[in-house]
Number of protein chains: 2
Amino acid sequence: MDKIFKALADKSRRKLLDKLFAKNGQTLGELSEYLAMSRQAVTKHLLILQEANLISVKWRGREKLHYLNSVPIHQIMRRWVNKYEDQRLEALSALKKNLESSIK
Amino acid sequence: MDKIFKALADKSRRKLLDKLFAKNGQTLGELSEYLAMSRQAVTKHLLILQEANLISVKWRGREKLHYLNSVPIHQIMRRWVNKYEDQRLEALSALKKNLESSIK
DNA sequence: ATAATATGCAACCTTTTAGTTGCATATTAT
DNA sequence: ATAATATGCAACTAAAAGGTTGCATATTAT
């Protein structure tokens with residue numbers, strides 16, 4: 001979980017995820033073209049995404065293909081959203097209770 | 001959005017949010033007790049959360065009360081979750097199409 | 001008035017992060 | 001076989017992040 005949040009903290013890495021959303025299975029070279037930085041820098045970003053289990057990699061000859069891993073991020077985010085959702089519902093329910101008791 | 005992801009990237013800051021989930025409106029002193037670091041360090045973390053609009057602050061005399069701001073985080077997360085959700089649905093729909101065409 | 005409490009400000013240090021560059025290696029095309 | 005392409009590895013640098021300490025200030029309690 002910590003790795004996921006750390007991985008998502010960087011704008012370039014979120015951009016990379018976006019690019020893979022748009023088109024899955026892109027090579028390092030392709031992905032590098034989008035970002036204004038060296039290929040090696042992109043490699044590092046992709047490694048971090050990989051270690052957070054947000055993408056996976058498959059070699060085809062000399063090319064390295066990158067695929068999005070939507071499950072973990074989805075789960076994590078869902079958990080957080082639910083948590084906040086719960087809190088909102090509780091706030092609503094508390095409000096309701098207050099209203100009720102003030103009516104009585 | 002960048003600020004939110006950056007703010008969430010740190011474990012201590014997520015802990016602080018947790019503590020405010022559990023009990024809203026806590027003082028700096030209270031929040032500091034939970035974390036194994038100086039009060040000043042906690043101040044910095046809270047400032048970052050504040051700048052990401054994840055918490056808000058209200059003074060009561062010499063005490064500084066911290067409140068959770070669930071709306072922005074909820075919106076951001078929801079957006080991300082939906083995005084991935086969409087992707088999953090598309091994958092499902094593609095799968096379905098393939099199945100259908102292979103049956104015909 | 002004095003002491004205790006709650007917090008802010010600022011300088012400083014260490015580690016991590018994001019990026020670079022140069023060279024090496026493996027695969028594919030001619 | 002040679003050249004071109006796609007990528008990896010490693011050393012280095014600059015900036016940002018996370019933390020500390022010492023002292024100042026404002027509010028509350030005695």
# chains A, B, ... in the order shown; residues from 1 in each chain; ligands from 1

$ closest_atom_pairs --of "chain A" --to "chain B" --cutoff "12 Å" --atoms "only C-alpha atoms" --output "CSV"
residue,atom,partner,partner_atom,distance
A:Met1,CA,B:Lys11,CA,9.5
A:Asp2,CA,B:Lys11,CA,6.8
A:Lys3,CA,B:Ala9,CA,8.4
A:Ile4,CA,B:Ala9,CA,8.3
A:Phe5,CA,B:Ala9,CA,4.8
A:Lys6,CA,B:Ala9,CA,4.7
A:Ala7,CA,B:Ala9,CA,8.0
A:Leu8,CA,B:Phe5,CA,6.5
A:Ala9,CA,B:Lys6,CA,4.7
A:Asp10,CA,B:Lys6,CA,7.3
A:Lys11,CA,B:Asp2,CA,6.8
A:Ser12,CA,B:Asp2,CA,10.6
A:Arg13,CA,B:Asp2,CA,11.4
A:Arg14,CA,B:Asp2,CA,9.7
A:Lys15,CA,B:Asp2,CA,11.5
A:Leu17,CA,B:Tyr84,CA,10.7
A:Asp18,CA,B:Lys83,CA,9.9
A:Leu20,CA,B:Gln87,CA,10.9
A:Phe21,CA,B:Gln87,CA,7.6
A:Ala22,CA,B:Gln87,CA,9.7
A:Lys23,CA,B:Gln87,CA,11.1
A:Asn24,CA,B:Gln87,CA,10.8
A:Leu54,CA,B:Tyr84,CA,11.6
A:Leu68,CA,B:Tyr84,CA,10.0
A:Asn69,CA,B:Tyr84,CA,9.6
A:Ser70,CA,B:Tyr84,CA,6.2
A:Val71,CA,B:Tyr84,CA,8.3
A:Pro72,CA,B:Tyr84,CA,10.3
A:Ile73,CA,B:Val81,CA,8.1
A:His74,CA,B:Val81,CA,5.8
A:Gln75,CA,B:Val81,CA,8.6
A:Ile76,CA,B:Val81,CA,9.2
A:Met77,CA,B:Met77,CA,6.1
A:Arg78,CA,B:Val81,CA,6.5
A:Arg79,CA,B:Met77,CA,9.8
A:Trp80,CA,B:Met77,CA,7.5
A:Val81,CA,B:His74,CA,5.9
A:Asn82,CA,B:His74,CA,8.9
A:Lys83,CA,B:Phe21,CA,9.0
A:Tyr84,CA,B:Ser70,CA,6.3
A:Glu85,CA,B:His74,CA,7.6
A:Asp86,CA,B:Phe21,CA,10.2
A:Gln87,CA,B:Phe21,CA,7.5
A:Arg88,CA,B:Ser70,CA,7.8
A:Leu89,CA,B:Ser70,CA,11.5
A:Glu90,CA,B:Phe21,CA,11.0
A:Ala91,CA,B:Ser70,CA,10.9

$ write_last_selection --atoms "C-alpha atoms" --output "PDB file, in the first residue's frame"
ATOM      1  CA  MET A   1       0.000   0.000   0.000  1.00  0.00           C
ATOM      2  CA  ASP A   2       2.778   2.410   0.855  1.00  0.00           C
ATOM      3  CA  LYS A   3       4.472   1.607  -2.433  1.00  0.00           C
ATOM      4  CA  ILE A   4       1.310   2.307  -4.372  1.00  0.00           C
ATOM      5  CA  PHE A   5       0.805   5.719  -2.812  1.00  0.00           C
ATOM      6  CA  LYS A   6       4.466   6.577  -3.299  1.00  0.00           C
ATOM      7  CA  ALA A   7       4.294   5.449  -6.907  1.00  0.00           C
ATOM      8  CA  LEU A   8       1.245   7.584  -7.553  1.00  0.00           C
ATOM      9  CA  ALA A   9       2.799  10.616  -5.909  1.00  0.00           C
ATOM     10  CA  ASP A  10       4.790  11.501  -9.008  1.00  0.00           C
ATOM     11  CA  LYS A  11       3.150  13.307 -11.905  1.00  0.00           C
ATOM     12  CA  SER A  12       5.305  11.615 -14.546  1.00  0.00           C
ATOM     13  CA  ARG A  13       4.366   8.198 -13.246  1.00  0.00           C
ATOM     14  CA  ARG A  14       0.686   9.050 -13.313  1.00  0.00           C
ATOM     15  CA  LYS A  15       1.212  10.221 -16.868  1.00  0.00           C
ATOM     16  CA  LEU A  17      -0.235   5.088 -16.316  1.00  0.00           C
ATOM     17  CA  ASP A  18      -2.439   7.354 -18.401  1.00  0.00           C
ATOM     18  CA  LEU A  20      -0.950   2.789 -20.770  1.00  0.00           C
ATOM     19  CA  PHE A  21      -4.644   3.379 -20.195  1.00  0.00           C
ATOM     20  CA  ALA A  22      -4.861   4.859 -23.649  1.00  0.00           C
ATOM     21  CA  LYS A  23      -2.854   2.064 -25.206  1.00  0.00           C
ATOM     22  CA  ASN A  24      -1.722  -0.980 -23.331  1.00  0.00           C
ATOM     23  CA  LEU A  54       0.775  -1.213 -10.944  1.00  0.00           C
ATOM     24  CA  LEU A  68      -1.330  -1.909 -16.840  1.00  0.00           C
ATOM     25  CA  ASN A  69      -2.264  -3.792 -13.687  1.00  0.00           C
ATOM     26  CA  SER A  70      -5.565  -2.311 -12.701  1.00  0.00           C
ATOM     27  CA  VAL A  71      -6.521  -4.657  -9.889  1.00  0.00           C
ATOM     28  CA  PRO A  72      -4.279  -3.488  -7.018  1.00  0.00           C
ATOM     29  CA  ILE A  73      -4.828   0.193  -7.575  1.00  0.00           C
ATOM     30  CA  HIS A  74      -8.504  -0.373  -7.877  1.00  0.00           C
ATOM     31  CA  GLN A  75      -8.637  -2.248  -4.607  1.00  0.00           C
ATOM     32  CA  ILE A  76      -6.611   0.300  -2.700  1.00  0.00           C
ATOM     33  CA  MET A  77      -8.568   3.225  -4.027  1.00  0.00           C
ATOM     34  CA  ARG A  78     -11.828   1.489  -3.436  1.00  0.00           C
ATOM     35  CA  ARG A  79     -10.844   0.911   0.181  1.00  0.00           C
ATOM     36  CA  TRP A  80     -10.070   4.569   0.688  1.00  0.00           C
ATOM     37  CA  VAL A  81     -13.158   5.754  -1.036  1.00  0.00           C
ATOM     38  CA  ASN A  82     -15.306   3.454   1.020  1.00  0.00           C
ATOM     39  CA  LYS A  83     -13.699   4.680   4.186  1.00  0.00           C
ATOM     40  CA  TYR A  84     -14.539   8.258   3.352  1.00  0.00           C
ATOM     41  CA  GLU A  85     -17.916   7.244   2.103  1.00  0.00           C
ATOM     42  CA  ASP A  86     -18.568   5.627   5.495  1.00  0.00           C
ATOM     43  CA  GLN A  87     -17.511   8.752   7.253  1.00  0.00           C
ATOM     44  CA  ARG A  88     -19.910  10.805   5.180  1.00  0.00           C
ATOM     45  CA  LEU A  89     -22.721   8.424   5.878  1.00  0.00           C
ATOM     46  CA  GLU A  90     -21.977   8.600   9.580  1.00  0.00           C
ATOM     47  CA  ALA A  91     -22.012  12.359   9.416  1.00  0.00           C
TER      48      ALA A  91
END

$ interface_residues --of "chain B" --to "chain D" --cutoff "10 Å" --atoms "only C-alpha atoms (C1' of nucleotides)" --output "MDAnalysis selection string"
chainID B and resid 10 37:38 40:42 44:45 60:63

$ write_last_selection --atoms "C-alpha atoms" --output "PDB file, in the first residue's frame"
ATOM      1  CA  ASP B  10       3.646   9.658   3.335  1.00  0.00           C
ATOM      2  CA  MET B  37       8.456  12.251  16.080  1.00  0.00           C
ATOM      3  CA  SER B  38       8.712  15.798  17.348  1.00  0.00           C
ATOM      4  CA  GLN B  40       7.425  20.318  14.864  1.00  0.00           C
ATOM      5  CA  ALA B  41       7.640  17.443  12.439  1.00  0.00           C
ATOM      6  CA  VAL B  42       3.943  16.799  12.916  1.00  0.00           C
ATOM      7  CA  LYS B  44       4.929  20.172   8.945  1.00  0.00           C
ATOM      8  CA  HIS B  45       2.908  17.125   8.005  1.00  0.00           C
ATOM      9  CA  ARG B  60      -9.670  27.846  19.912  1.00  0.00           C
ATOM     10  CA  GLY B  61      -7.626  30.022  22.223  1.00  0.00           C
ATOM     11  CA  ARG B  62      -4.110  28.702  22.155  1.00  0.00           C
ATOM     12  CA  GLU B  63      -5.227  25.383  20.744  1.00  0.00           C
TER      13      GLU B  63
END

$ calpha_fit_and_write --fixed "chain A" --moving "chain B" --output "compact mmCIF listing (two decimals) with N, CA and C atoms, in the first residue's frame"
# COMPACT_ATOMS: atom_id res chain seq x y z
N MET B 1 0.96 -1.22 0.00
CA MET B 1 0.13 -0.02 0.01
C MET B 1 0.98 1.25 0.01
N ASP B 2 2.03 1.21 0.84
CA ASP B 2 2.93 2.35 0.85
C ASP B 2 3.56 2.55 -0.52
N LYS B 3 3.93 1.45 -1.13
CA LYS B 3 4.57 1.55 -2.44
C LYS B 3 3.61 2.13 -3.49
N ILE B 4 2.38 1.76 -3.38
CA ILE B 4 1.40 2.27 -4.34
C ILE B 4 1.25 3.78 -4.20
N PHE B 5 1.08 4.24 -2.97
CA PHE B 5 0.92 5.69 -2.77
C PHE B 5 2.17 6.44 -3.20
N LYS B 6 3.32 5.87 -2.88
CA LYS B 6 4.58 6.51 -3.29
C LYS B 6 4.67 6.57 -4.81
N ALA B 7 4.29 5.47 -5.43
CA ALA B 7 4.37 5.41 -6.89
C ALA B 7 3.45 6.45 -7.53
N LEU B 8 2.30 6.64 -6.94
CA LEU B 8 1.33 7.57 -7.51
C LEU B 8 1.67 9.03 -7.19
N ALA B 9 2.62 9.24 -6.31
CA ALA B 9 2.93 10.59 -5.87
C ALA B 9 3.60 11.41 -6.96
N ASP B 10 4.14 10.76 -7.95
CA ASP B 10 4.88 11.48 -8.99
C ASP B 10 4.05 11.69 -10.25
N LYS B 11 4.06 12.93 -10.72
CA LYS B 11 3.23 13.30 -11.87
C LYS B 11 3.60 12.51 -13.12
N SER B 12 4.90 12.34 -13.33
CA SER B 12 5.34 11.60 -14.52
C SER B 12 4.85 10.17 -14.49
N ARG B 13 4.86 9.58 -13.31
CA ARG B 13 4.40 8.19 -13.23
C ARG B 13 2.90 8.10 -13.47
N ARG B 14 2.16 9.07 -12.98
CA ARG B 14 0.72 9.06 -13.25
C ARG B 14 0.48 9.24 -14.75
N LYS B 15 1.32 10.05 -15.37
CA LYS B 15 1.22 10.24 -16.83
C LYS B 15 1.46 8.92 -17.54
N LEU B 16 2.46 8.19 -17.09
CA LEU B 16 2.77 6.90 -17.71
C LEU B 16 1.57 5.96 -17.60
N LEU B 17 0.96 5.95 -16.44
CA LEU B 17 -0.24 5.11 -16.27
C LEU B 17 -1.32 5.56 -17.26
N ASP B 18 -1.46 6.86 -17.38
CA ASP B 18 -2.44 7.40 -18.33
C ASP B 18 -2.18 6.89 -19.74
N LYS B 19 -0.90 6.92 -20.11
CA LYS B 19 -0.54 6.50 -21.46
C LYS B 19 -0.86 5.02 -21.67
N LEU B 20 -0.68 4.27 -20.62
CA LEU B 20 -0.98 2.84 -20.73
C LEU B 20 -2.49 2.59 -20.69
N PHE B 21 -3.20 3.49 -20.04
CA PHE B 21 -4.66 3.44 -20.13
C PHE B 21 -5.08 3.56 -21.58
N ALA B 22 -4.53 4.61 -22.20
CA ALA B 22 -4.89 4.93 -23.58
C ALA B 22 -4.53 3.79 -24.51
N LYS B 23 -3.36 3.20 -24.27
CA LYS B 23 -2.90 2.11 -25.14
C LYS B 23 -2.02 1.18 -24.34
N ASN B 24 -2.50 0.03 -24.12
CA ASN B 24 -1.79 -0.94 -23.29
C ASN B 24 -0.67 -1.61 -24.08
N GLY B 25 0.33 -2.12 -23.36
CA GLY B 25 1.38 -2.88 -24.02
C GLY B 25 2.40 -2.07 -24.78
N GLN B 26 2.67 -0.86 -24.34
CA GLN B 26 3.64 -0.03 -25.05
C GLN B 26 5.08 -0.35 -24.62
N THR B 27 6.00 -0.06 -25.53
CA THR B 27 7.41 -0.30 -25.24
C THR B 27 8.00 0.88 -24.45
N LEU B 28 9.18 0.64 -23.90
CA LEU B 28 9.89 1.71 -23.21
C LEU B 28 10.10 2.90 -24.12
N GLY B 29 10.50 2.62 -25.35
CA GLY B 29 10.75 3.69 -26.31
C GLY B 29 9.51 4.55 -26.54
N GLU B 30 8.40 3.87 -26.76
CA GLU B 30 7.15 4.59 -26.99
C GLU B 30 6.81 5.48 -25.80
N LEU B 31 6.88 4.88 -24.62
CA LEU B 31 6.52 5.62 -23.41
C LEU B 31 7.45 6.80 -23.16
N SER B 32 8.71 6.64 -23.56
CA SER B 32 9.68 7.71 -23.34
C SER B 32 9.36 8.95 -24.17
N GLU B 33 8.80 8.73 -25.34
CA GLU B 33 8.52 9.87 -26.22
C GLU B 33 7.59 10.89 -25.59
N TYR B 34 6.70 10.42 -24.75
CA TYR B 34 5.71 11.32 -24.16
C TYR B 34 6.31 12.28 -23.15
N LEU B 35 7.35 11.82 -22.48
CA LEU B 35 7.87 12.59 -21.35
C LEU B 35 9.15 13.32 -21.71
N ALA B 36 9.28 14.52 -21.17
CA ALA B 36 10.44 15.35 -21.49
C ALA B 36 11.61 14.97 -20.60
N MET B 37 12.03 13.74 -20.72
CA MET B 37 13.19 13.31 -19.94
C MET B 37 13.84 12.12 -20.65
N SER B 38 15.02 11.76 -20.18
CA SER B 38 15.77 10.70 -20.85
C SER B 38 15.06 9.35 -20.69
N ARG B 39 15.40 8.45 -21.58
CA ARG B 39 14.86 7.10 -21.52
C ARG B 39 15.19 6.44 -20.18
N GLN B 40 16.39 6.69 -19.69
CA GLN B 40 16.81 6.07 -18.44
C GLN B 40 15.96 6.53 -17.28
N ALA B 41 15.58 7.79 -17.30
CA ALA B 41 14.71 8.31 -16.25
C ALA B 41 13.37 7.59 -16.30
N VAL B 42 12.87 7.42 -17.51
CA VAL B 42 11.58 6.72 -17.67
C VAL B 42 11.70 5.28 -17.17
N THR B 43 12.80 4.65 -17.50
CA THR B 43 13.04 3.29 -17.00
C THR B 43 12.86 3.23 -15.49
N LYS B 44 13.45 4.20 -14.81
CA LYS B 44 13.36 4.22 -13.35
C LYS B 44 11.92 4.35 -12.88
N HIS B 45 11.20 5.24 -13.53
CA HIS B 45 9.79 5.42 -13.15
C HIS B 45 9.00 4.14 -13.36
N LEU B 46 9.25 3.51 -14.50
CA LEU B 46 8.52 2.27 -14.79
C LEU B 46 8.86 1.19 -13.77
N LEU B 47 10.10 1.19 -13.33
CA LEU B 47 10.50 0.20 -12.33
C LEU B 47 9.74 0.40 -11.03
N ILE B 48 9.57 1.65 -10.68
CA ILE B 48 8.85 1.96 -9.43
C ILE B 48 7.38 1.54 -9.56
N LEU B 49 6.81 1.79 -10.72
CA LEU B 49 5.42 1.38 -10.96
C LEU B 49 5.31 -0.14 -10.90
N GLN B 50 6.34 -0.78 -11.43
CA GLN B 50 6.35 -2.24 -11.45
C GLN B 50 6.44 -2.80 -10.03
N GLU B 51 7.30 -2.19 -9.23
CA GLU B 51 7.47 -2.66 -7.86
C GLU B 51 6.23 -2.41 -7.00
N ALA B 52 5.46 -1.44 -7.42
CA ALA B 52 4.20 -1.18 -6.72
C ALA B 52 3.10 -2.07 -7.29
N ASN B 53 3.51 -2.90 -8.24
CA ASN B 53 2.57 -3.83 -8.86
C ASN B 53 1.47 -3.12 -9.65
N LEU B 54 1.80 -1.96 -10.15
CA LEU B 54 0.80 -1.21 -10.93
C LEU B 54 0.90 -1.52 -12.41
N ILE B 55 2.06 -1.99 -12.83
CA ILE B 55 2.21 -2.43 -14.21
C ILE B 55 2.99 -3.75 -14.21
N SER B 56 2.89 -4.45 -15.33
CA SER B 56 3.71 -5.64 -15.50
C SER B 56 4.37 -5.58 -16.86
N VAL B 57 5.42 -6.38 -16.99
CA VAL B 57 6.29 -6.25 -18.15
C VAL B 57 6.41 -7.59 -18.86
N LYS B 58 6.49 -7.52 -20.17
CA LYS B 58 6.67 -8.74 -20.95
C LYS B 58 7.67 -8.44 -22.06
N TRP B 59 8.65 -9.32 -22.23
CA TRP B 59 9.63 -9.10 -23.28
C TRP B 59 9.17 -9.73 -24.58
N ARG B 60 9.38 -8.96 -25.66
CA ARG B 60 9.16 -9.50 -27.00
C ARG B 60 10.39 -9.15 -27.80
N GLY B 61 11.28 -10.14 -27.93
CA GLY B 61 12.57 -9.87 -28.57
C GLY B 61 13.32 -8.84 -27.78
N ARG B 62 13.75 -7.81 -28.46
CA ARG B 62 14.51 -6.77 -27.73
C ARG B 62 13.59 -5.72 -27.15
N GLU B 63 12.32 -5.85 -27.38
CA GLU B 63 11.37 -4.86 -26.88
C GLU B 63 10.76 -5.27 -25.54
N LYS B 64 10.52 -4.25 -24.73
CA LYS B 64 9.95 -4.47 -23.41
C LYS B 64 8.55 -3.86 -23.40
N LEU B 65 7.58 -4.70 -23.29
CA LEU B 65 6.20 -4.22 -23.34
C LEU B 65 5.64 -4.03 -21.94
N HIS B 66 4.91 -2.94 -21.77
CA HIS B 66 4.38 -2.60 -20.44
C HIS B 66 2.85 -2.67 -20.43
N TYR B 67 2.36 -3.35 -19.40
CA TYR B 67 0.92 -3.52 -19.28
C TYR B 67 0.41 -3.00 -17.95
N LEU B 68 -0.73 -2.40 -18.00
CA LEU B 68 -1.36 -1.88 -16.80
C LEU B 68 -1.88 -3.01 -15.93
N ASN B 69 -1.78 -2.79 -14.63
CA ASN B 69 -2.27 -3.76 -13.66
C ASN B 69 -3.36 -3.08 -12.84
N SER B 70 -4.56 -3.13 -13.30
CA SER B 70 -5.55 -2.26 -12.67
C SER B 70 -6.05 -2.76 -11.32
N VAL B 71 -5.91 -4.05 -11.07
CA VAL B 71 -6.52 -4.60 -9.86
C VAL B 71 -6.01 -3.98 -8.55
N PRO B 72 -4.70 -3.99 -8.30
CA PRO B 72 -4.25 -3.48 -7.00
C PRO B 72 -4.64 -2.04 -6.75
N ILE B 73 -4.44 -1.20 -7.72
CA ILE B 73 -4.76 0.21 -7.52
C ILE B 73 -6.25 0.36 -7.26
N HIS B 74 -7.01 -0.41 -7.97
CA HIS B 74 -8.45 -0.33 -7.81
C HIS B 74 -8.84 -0.70 -6.38
N GLN B 75 -8.26 -1.76 -5.89
CA GLN B 75 -8.59 -2.21 -4.54
C GLN B 75 -8.23 -1.18 -3.49
N ILE B 76 -6.99 -0.68 -3.59
CA ILE B 76 -6.53 0.32 -2.63
C ILE B 76 -7.44 1.54 -2.63
N MET B 77 -7.68 2.04 -3.81
CA MET B 77 -8.47 3.26 -3.93
C MET B 77 -9.88 3.03 -3.40
N ARG B 78 -10.38 1.89 -3.77
CA ARG B 78 -11.73 1.54 -3.33
C ARG B 78 -11.80 1.55 -1.80
N ARG B 79 -10.77 0.98 -1.19
CA ARG B 79 -10.74 0.94 0.27
C ARG B 79 -10.79 2.34 0.86
N TRP B 80 -9.97 3.21 0.29
CA TRP B 80 -9.93 4.57 0.80
C TRP B 80 -11.24 5.30 0.57
N VAL B 81 -11.75 5.13 -0.61
CA VAL B 81 -13.00 5.81 -0.92
C VAL B 81 -14.09 5.35 0.03
N ASN B 82 -14.16 4.06 0.24
CA ASN B 82 -15.18 3.52 1.13
C ASN B 82 -15.05 4.09 2.53
N LYS B 83 -13.81 4.17 2.98
CA LYS B 83 -13.57 4.71 4.30
C LYS B 83 -14.17 6.10 4.42
N TYR B 84 -13.87 6.95 3.44
CA TYR B 84 -14.39 8.31 3.49
C TYR B 84 -15.89 8.33 3.30
N GLU B 85 -16.32 7.44 2.46
CA GLU B 85 -17.76 7.31 2.23
C GLU B 85 -18.44 7.01 3.57
N ASP B 86 -17.91 6.05 4.29
CA ASP B 86 -18.45 5.69 5.59
C ASP B 86 -18.53 6.90 6.49
N GLN B 87 -17.43 7.63 6.50
CA GLN B 87 -17.37 8.80 7.37
C GLN B 87 -18.49 9.78 7.02
N ARG B 88 -18.70 9.95 5.73
CA ARG B 88 -19.75 10.86 5.28
C ARG B 88 -21.12 10.35 5.73
N LEU B 89 -21.32 9.07 5.57
CA LEU B 89 -22.60 8.48 5.94
C LEU B 89 -22.85 8.65 7.43
N GLU B 90 -21.78 8.44 8.21
CA GLU B 90 -21.91 8.63 9.66
C GLU B 90 -22.29 10.06 9.99
N ALA B 91 -21.65 10.98 9.30
CA ALA B 91 -21.95 12.39 9.53
C ALA B 91 -23.43 12.65 9.21
N LEU B 92 -23.87 12.08 8.13
CA LEU B 92 -25.28 12.22 7.74
C LEU B 92 -26.19 11.63 8.80
N SER B 93 -25.83 10.45 9.22
CA SER B 93 -26.67 9.76 10.20
C SER B 93 -26.70 10.53 11.53
N ALA B 94 -25.57 11.10 11.91
CA ALA B 94 -25.52 11.90 13.14
C ALA B 94 -26.42 13.13 12.99
N LEU B 95 -26.32 13.73 11.83
CA LEU B 95 -27.15 14.89 11.53
C LEU B 95 -28.62 14.54 11.67
N LYS B 96 -28.96 13.41 11.09
CA LYS B 96 -30.35 12.93 11.12
C LYS B 96 -30.82 12.74 12.56
N LYS B 97 -29.97 12.08 13.33
CA LYS B 97 -30.31 11.85 14.74
C LYS B 97 -30.56 13.16 15.46
N ASN B 98 -29.68 14.12 15.23
CA ASN B 98 -29.82 15.42 15.88
C ASN B 98 -31.15 16.06 15.50
N LEU B 99 -31.44 15.99 14.24
CA LEU B 99 -32.69 16.58 13.75
C LEU B 99 -33.88 15.92 14.45
N GLU B 100 -33.86 14.60 14.46
CA GLU B 100 -34.96 13.85 15.07
C GLU B 100 -35.15 14.23 16.54
N SER B 101 -34.03 14.26 17.26
CA SER B 101 -34.15 14.55 18.69
C SER B 101 -34.60 16.00 18.93
N SER B 102 -34.24 16.88 18.00
CA SER B 102 -34.65 18.27 18.19
C SER B 102 -36.14 18.45 17.86
N ILE B 103 -36.67 17.55 17.06
CA ILE B 103 -38.09 17.61 16.71
C ILE B 103 -38.94 17.09 17.88
N LYS B 104 -38.47 15.99 18.44
CA LYS B 104 -39.23 15.37 19.54
C LYS B 104 -39.47 16.33 20.71

$ interface_residues --of "chain C" --to "chain A" --cutoff "7 Å" --atoms "only C-alpha atoms (C1' of nucleotides)" --output "CSV table (one decimal) with N, CA and C atoms (P, O5', C5', C4', C3', O3' and C1' of nucleotides), in the first residue's frame"
chain,number,residue,atom,x,y,z
C,19,DG,P,11.8,13.3,-13.1
C,19,DG,O5',13.2,13.3,-13.7
C,19,DG,C5',13.9,14.5,-14.0
C,19,DG,C4',15.4,14.4,-14.0
C,19,DG,C3',16.0,13.6,-15.2
C,19,DG,O3',16.1,14.4,-16.3
C,19,DG,C1',17.2,13.3,-13.1
C,26,DA,P,24.7,-10.0,-23.4
C,26,DA,O5',23.3,-10.0,-24.2
C,26,DA,C5',22.1,-9.6,-23.6
C,26,DA,C4',21.1,-9.2,-24.6
C,26,DA,C3',21.0,-10.2,-25.7
C,26,DA,O3',19.6,-10.4,-25.9
C,26,DA,C1',21.4,-8.1,-26.6
C,27,DT,P,19.0,-11.7,-26.6
C,27,DT,O5',18.2,-11.1,-27.9
C,27,DT,C5',17.2,-10.2,-27.7
C,27,DT,C4',17.1,-9.3,-28.9
C,27,DT,C3',16.8,-10.1,-30.2
C,27,DT,O3',15.5,-9.7,-30.6
C,27,DT,C1',18.4,-8.5,-30.6

$ select_by_dssp --residues "range 8-63 of chain A" --states "strand (DSSP E or B)" --output "JSON, numbers by chain"
{"A": [26, 27, 55, 56, 57, 58, 59, 60, 63]}

$ write_last_selection --atoms "C-alpha atoms" --output "PDB file, in the first residue's frame"
ATOM      1  CA  GLN A  26       3.730  -0.037 -25.052  1.00  0.00           C
ATOM      2  CA  THR A  27       7.496  -0.290 -25.212  1.00  0.00           C
ATOM      3  CA  ILE A  55       2.217  -2.433 -14.215  1.00  0.00           C
ATOM      4  CA  SER A  56       3.748  -5.638 -15.480  1.00  0.00           C
ATOM      5  CA  VAL A  57       6.342  -6.249 -18.122  1.00  0.00           C
ATOM      6  CA  LYS A  58       6.769  -8.746 -20.925  1.00  0.00           C
ATOM      7  CA  TRP A  59       9.751  -9.075 -23.217  1.00  0.00           C
ATOM      8  CA  ARG A  60       9.303  -9.492 -26.928  1.00  0.00           C
ATOM      9  CA  GLU A  63      11.495  -4.838 -26.822  1.00  0.00           C
TER      10      GLU A  63
END

$ decode --residues "range 62-73 of chain A" --atoms "N, CA and C atoms" --output "PDB file, in the first residue's frame"
ATOM      1  N   ARG A  62      13.899  -7.775 -28.357  1.00  0.00           N
ATOM      2  CA  ARG A  62      14.645  -6.722 -27.638  1.00  0.00           C
ATOM      3  C   ARG A  62      13.716  -5.673 -27.070  1.00  0.00           C
ATOM      4  N   GLU A  63      12.452  -5.825 -27.311  1.00  0.00           N
ATOM      5  CA  GLU A  63      11.495  -4.838 -26.822  1.00  0.00           C
ATOM      6  C   GLU A  63      10.881  -5.254 -25.489  1.00  0.00           C
ATOM      7  N   LYS A  64      10.635  -4.221 -24.675  1.00  0.00           N
ATOM      8  CA  LYS A  64      10.054  -4.447 -23.354  1.00  0.00           C
ATOM      9  C   LYS A  64       8.650  -3.845 -23.364  1.00  0.00           C
ATOM     10  N   LEU A  65       7.667  -4.695 -23.264  1.00  0.00           N
ATOM     11  CA  LEU A  65       6.283  -4.223 -23.322  1.00  0.00           C
ATOM     12  C   LEU A  65       5.717  -4.025 -21.926  1.00  0.00           C
ATOM     13  N   HIS A  66       4.974  -2.948 -21.771  1.00  0.00           N
ATOM     14  CA  HIS A  66       4.433  -2.613 -20.454  1.00  0.00           C
ATOM     15  C   HIS A  66       2.913  -2.695 -20.428  1.00  0.00           C
ATOM     16  N   TYR A  67       2.410  -3.364 -19.410  1.00  0.00           N
ATOM     17  CA  TYR A  67       0.966  -3.542 -19.303  1.00  0.00           C
ATOM     18  C   TYR A  67       0.449  -3.021 -17.964  1.00  0.00           C
ATOM     19  N   LEU A  68      -0.692  -2.429 -18.029  1.00  0.00           N
ATOM     20  CA  LEU A  68      -1.330  -1.909 -16.840  1.00  0.00           C
ATOM     21  C   LEU A  68      -1.854  -3.037 -15.964  1.00  0.00           C
ATOM     22  N   ASN A  69      -1.769  -2.825 -14.669  1.00  0.00           N
ATOM     23  CA  ASN A  69      -2.264  -3.792 -13.687  1.00  0.00           C
ATOM     24  C   ASN A  69      -3.357  -3.117 -12.883  1.00  0.00           C
ATOM     25  N   SER A  70      -4.567  -3.179 -13.327  1.00  0.00           N
ATOM     26  CA  SER A  70      -5.565  -2.311 -12.701  1.00  0.00           C
ATOM     27  C   SER A  70      -6.077  -2.822 -11.363  1.00  0.00           C
ATOM     28  N   VAL A  71      -5.910  -4.101 -11.102  1.00  0.00           N
ATOM     29  CA  VAL A  71      -6.521  -4.657  -9.889  1.00  0.00           C
ATOM     30  C   VAL A  71      -6.027  -4.011  -8.585  1.00  0.00           C
ATOM     31  N   PRO A  72      -4.714  -4.000  -8.327  1.00  0.00           N
ATOM     32  CA  PRO A  72      -4.279  -3.488  -7.018  1.00  0.00           C
ATOM     33  C   PRO A  72      -4.686  -2.049  -6.781  1.00  0.00           C
ATOM     34  N   ILE A  73      -4.486  -1.216  -7.774  1.00  0.00           N
ATOM     35  CA  ILE A  73      -4.828   0.193  -7.575  1.00  0.00           C
ATOM     36  C   ILE A  73      -6.325   0.331  -7.332  1.00  0.00           C
TER      37      ILE A  73
END
